[in-house]
Amino acid sequence: MGREVLKTLIATPGFELVAAIDKELAGTGCSDLVGVKGTDVAIEEKLGAALDRTKPDAIVDFSHSSGATAHALSALQRGICPVIGTTGLSETNIRELASASRETKTAGIYAPNFAIGAVLMMRFAQMAAKWLPNCEIIELHHDRKEDAPSGTALLTAQLIGEARTESPSRKPRPIIKVEGVRGGVVQDTPIHSVRLPGYVAHQEVIFGGTGEVLTIRHDSMDRVSFMEGVKLCLREVRGLDGFVIGMDKILFKNP
């Protein structure tokens, strides 16, 4: 994802890449790495030093959940807006970032999914939950994705839970022959996670009603599908009110 972000921002007018951080690729030229001419910025090892020297408006982080919170805090403490695409952040991490955002009066966003279609899929699922409370989520990702369920699935389940006007119907006591076969449950919505080679990022939300089934599905076949959302967040993040979760706060801020 980091390479795709570099490629996109280097090639898009209106954005200026001032620093890139990767311990393993330190010293490599960004243009050489992604094969797009337009910058002489070389990758560095130390985030804090790069932020102090370049003073950017925002950072984009697609690293790892073990370091993403520290990276965002480092940015917020300097008045720099974090745009976080790293999944796997805990509720404690989110509270810490929200608190730092308030203290520094610096906005930021944690977006579990940057694909425009994925954000619409979540909104449509939220709309459907008012009328069809019984649903399940299946999310499918590449086999290198470590966290499960995905951030998109978790946020979808939360939105569905908030939108329901009645609880899902009670099911008969299940006979479980294999542990975990019914998935995990978030706000009364079962989530099933699939990890296989060949996938990028996919999710379907299946609603069941009396004599009918509604399936809402989104598929990202290429990581380039996330780049329009990354650019949108970078353009809009400084105007957000504090630290927000989900790109819907930008897409639907003016209903």
# chains A, B, ... in the order shown; residues from 1 in each chain; ligands from 1
$ select_by_dssp --residues "region 49-209 of chain A" --states "strand (DSSP E or B)" --output "ChimeraX atom specification"
/A:58-61,81-84,108-110,135-141,184-186,189-195,201-209
$ write_last_selection --atoms "N, CA and C atoms" --output "JSON list (two decimals), in the first residue's frame"
[["chain", "number", "residue", "atom", "x", "y", "z"],
["A", 58, "ALA", "N", 0.18, 16.82, 6.56],
["A", 58, "ALA", "CA", -0.43, 15.55, 6.96],
["A", 58, "ALA", "C", 0.52, 14.40, 6.67],
["A", 59, "ILE", "N", 0.29, 13.28, 7.34],
["A", 59, "ILE", "CA", 1.01, 12.04, 7.03],
["A", 59, "ILE", "C", 0.00, 10.96, 6.67],
["A", 60, "VAL", "N", 0.43, 10.00, 5.86],
["A", 60, "VAL", "CA", -0.39, 8.83, 5.54],
["A", 60, "VAL", "C", 0.34, 7.61, 6.09],
["A", 61, "ASP", "N", -0.37, 6.78, 6.85],
["A", 61, "ASP", "CA", 0.26, 5.62, 7.47],
["A", 61, "ASP", "C", -0.46, 4.33, 7.07],
["A", 81, "CYS", "N", -1.61, 16.47, 10.78],
["A", 81, "CYS", "CA", -2.80, 15.62, 10.74],
["A", 81, "CYS", "C", -2.46, 14.20, 10.27],
["A", 82, "PRO", "N", -2.80, 13.17, 11.05],
["A", 82, "PRO", "CA", -2.58, 11.80, 10.59],
["A", 82, "PRO", "C", -3.76, 11.26, 9.80],
["A", 83, "VAL", "N", -3.47, 10.59, 8.69],
["A", 83, "VAL", "CA", -4.46, 9.86, 7.91],
["A", 83, "VAL", "C", -4.03, 8.40, 8.00],
["A", 84, "ILE", "N", -4.78, 7.60, 8.76],
["A", 84, "ILE", "CA", -4.34, 6.25, 9.11],
["A", 84, "ILE", "C", -5.16, 5.21, 8.34],
["A", 108, "GLY", "N", -7.59, 14.45, 12.70],
["A", 108, "GLY", "CA", -7.02, 13.23, 12.12],
["A", 108, "GLY", "C", -8.14, 12.29, 11.74],
["A", 109, "ILE", "N", -7.81, 11.25, 10.97],
["A", 109, "ILE", "CA", -8.83, 10.28, 10.56],
["A", 109, "ILE", "C", -8.24, 8.88, 10.52],
["A", 110, "TYR", "N", -9.01, 7.93, 11.02],
["A", 110, "TYR", "CA", -8.70, 6.52, 10.92],
["A", 110, "TYR", "C", -9.74, 5.90, 10.01],
["A", 135, "CYS", "N", -28.86, -10.14, 9.82],
["A", 135, "CYS", "CA", -27.83, -10.12, 8.78],
["A", 135, "CYS", "C", -26.54, -10.75, 9.29],
["A", 136, "GLU", "N", -25.67, -11.08, 8.34],
["A", 136, "GLU", "CA", -24.34, -11.59, 8.63],
["A", 136, "GLU", "C", -23.36, -10.97, 7.64],
["A", 137, "ILE", "N", -22.11, -10.87, 8.07],
["A", 137, "ILE", "CA", -21.06, -10.25, 7.25],
["A", 137, "ILE", "C", -20.02, -11.30, 6.90],
["A", 138, "ILE", "N", -19.64, -11.34, 5.64],
["A", 138, "ILE", "CA", -18.51, -12.17, 5.20],
["A", 138, "ILE", "C", -17.47, -11.24, 4.60],
["A", 139, "GLU", "N", -16.28, -11.25, 5.17],
["A", 139, "GLU", "CA", -15.20, -10.43, 4.62],
["A", 139, "GLU", "C", -14.06, -11.33, 4.15],
["A", 140, "LEU", "N", -13.54, -11.02, 2.96],
["A", 140, "LEU", "CA", -12.52, -11.87, 2.34],
["A", 140, "LEU", "C", -11.31, -11.01, 1.98],
["A", 141, "HIS", "N", -10.13, -11.43, 2.45],
["A", 141, "HIS", "CA", -8.91, -10.67, 2.18],
["A", 141, "HIS", "C", -7.77, -11.61, 1.80],
["A", 184, "GLY", "N", -17.50, -14.80, 14.55],
["A", 184, "GLY", "CA", -17.58, -14.00, 15.77],
["A", 184, "GLY", "C", -18.75, -13.06, 15.66],
["A", 185, "VAL", "N", -19.22, -12.58, 16.80],
["A", 185, "VAL", "CA", -20.41, -11.72, 16.81],
["A", 185, "VAL", "C", -20.07, -10.34, 17.34],
["A", 186, "VAL", "N", -20.41, -9.31, 16.58],
["A", 186, "VAL", "CA", -20.22, -7.92, 16.98],
["A", 186, "VAL", "C", -21.57, -7.22, 16.90],
["A", 189, "THR", "N", -24.26, -9.13, 15.18],
["A", 189, "THR", "CA", -24.03, -9.46, 13.77],
["A", 189, "THR", "C", -22.86, -10.44, 13.64],
["A", 190, "PRO", "N", -23.09, -11.67, 13.19],
["A", 190, "PRO", "CA", -21.98, -12.60, 12.98],
["A", 190, "PRO", "C", -21.06, -12.11, 11.84],
["A", 191, "ILE", "N", -19.77, -12.26, 12.05],
["A", 191, "ILE", "CA", -18.77, -11.89, 11.04],
["A", 191, "ILE", "C", -17.91, -13.11, 10.74],
["A", 192, "HIS", "N", -17.74, -13.41, 9.45],
["A", 192, "HIS", "CA", -16.92, -14.54, 9.01],
["A", 192, "HIS", "C", -15.74, -13.99, 8.21],
["A", 193, "SER", "N", -14.53, -14.37, 8.57],
["A", 193, "SER", "CA", -13.33, -13.88, 7.90],
["A", 193, "SER", "C", -12.67, -14.96, 7.06],
["A", 194, "VAL", "N", -12.40, -14.64, 5.80],
["A", 194, "VAL", "CA", -11.73, -15.55, 4.87],
["A", 194, "VAL", "C", -10.37, -14.95, 4.52],
["A", 195, "ARG", "N", -9.31, -15.77, 4.54],
["A", 195, "ARG", "CA", -7.97, -15.32, 4.17],
["A", 195, "ARG", "C", -7.38, -16.30, 3.16],
["A", 201, "ALA", "N", -9.41, -7.17, -1.23],
["A", 201, "ALA", "CA", -10.29, -6.79, -0.12],
["A", 201, "ALA", "C", -11.74, -6.85, -0.62],
["A", 202, "HIS", "N", -12.56, -7.65, 0.04],
["A", 202, "HIS", "CA", -13.93, -7.89, -0.40],
["A", 202, "HIS", "C", -14.83, -8.05, 0.82],
["A", 203, "GLN", "N", -16.06, -7.61, 0.69],
["A", 203, "GLN", "CA", -17.02, -7.81, 1.79],
["A", 203, "GLN", "C", -18.43, -7.87, 1.26],
["A", 204, "GLU", "N", -19.21, -8.78, 1.83],
["A", 204, "GLU", "CA", -20.63, -8.80, 1.53],
["A", 204, "GLU", "C", -21.41, -8.84, 2.84],
["A", 205, "VAL", "N", -22.52, -8.12, 2.84],
["A", 205, "VAL", "CA", -23.42, -8.10, 3.99],
["A", 205, "VAL", "C", -24.73, -8.71, 3.51],
["A", 206, "ILE", "N", -25.14, -9.81, 4.13],
["A", 206, "ILE", "CA", -26.32, -10.56, 3.70],
["A", 206, "ILE", "C", -27.45, -10.34, 4.71],
["A", 207, "PHE", "N", -28.54, -9.76, 4.23],
["A", 207, "PHE", "CA", -29.72, -9.52, 5.07],
["A", 207, "PHE", "C", -30.81, -10.53, 4.71],
["A", 208, "GLY", "N", -31.41, -11.12, 5.73],
["A", 208, "GLY", "CA", -32.49, -12.07, 5.50],
["A", 208, "GLY", "C", -33.80, -11.55, 6.05],
["A", 209, "GLY", "N", -34.84, -11.59, 5.23],
["A", 209, "GLY", "CA", -36.17, -11.19, 5.65],
["A", 209, "GLY", "C", -37.16, -12.29, 5.34]]
$ residues_around --residues "Glu24 (chain A)" --least-positions-apart "2" --cutoff "10 Å" --atoms "only C-alpha atoms" --output "PDB file with C-alpha atoms, in the first residue's frame"
ATOM      1  CA  ILE A  21       9.647   6.483   5.986  1.00  0.00           C
ATOM      2  CA  ASP A  22      10.618   2.818   5.820  1.00  0.00           C
ATOM      3  CA  ALA A  26      16.050   3.820   3.870  1.00  0.00           C
ATOM      4  CA  GLY A  27      18.162   5.587   1.250  1.00  0.00           C
ATOM      5  CA  THR A  28      16.099   4.433  -1.726  1.00  0.00           C
ATOM      6  CA  ILE A  43      13.191   7.195   1.965  1.00  0.00           C
ATOM      7  CA  GLU A  44      14.287   7.799   5.564  1.00  0.00           C
ATOM      8  CA  GLU A  45      14.422   5.712   8.730  1.00  0.00           C
TER       9      GLU A  45
END
$ select_by_dssp --residues "region 36-176 of chain A" --states "alpha helix (DSSP H)" --output "JSON, numbers by chain"
{"A": [47, 48, 49, 50, 51, 52, 53, 54, 65, 66, 67, 68, 69, 70, 71, 72, 73, 74, 75, 76, 91, 92, 93, 94, 95, 96, 97, 98, 99, 100, 101, 102, 103, 104, 116, 117, 118, 119, 120, 121, 122, 123, 124, 125, 126, 127, 128, 129, 151, 152, 153, 154, 155, 156, 157, 158, 159, 160, 161, 162, 163]}
$ residues_around --residues "region 233-241 of chain A" --least-positions-apart "4" --cutoff "12 Å" --atoms "only C-alpha atoms" --output "PyMOL selection string"
chain A and resi 5+9+14-17+56-61+76+79-85+98+101-102+105-111+113-116+226-229+245-251+253
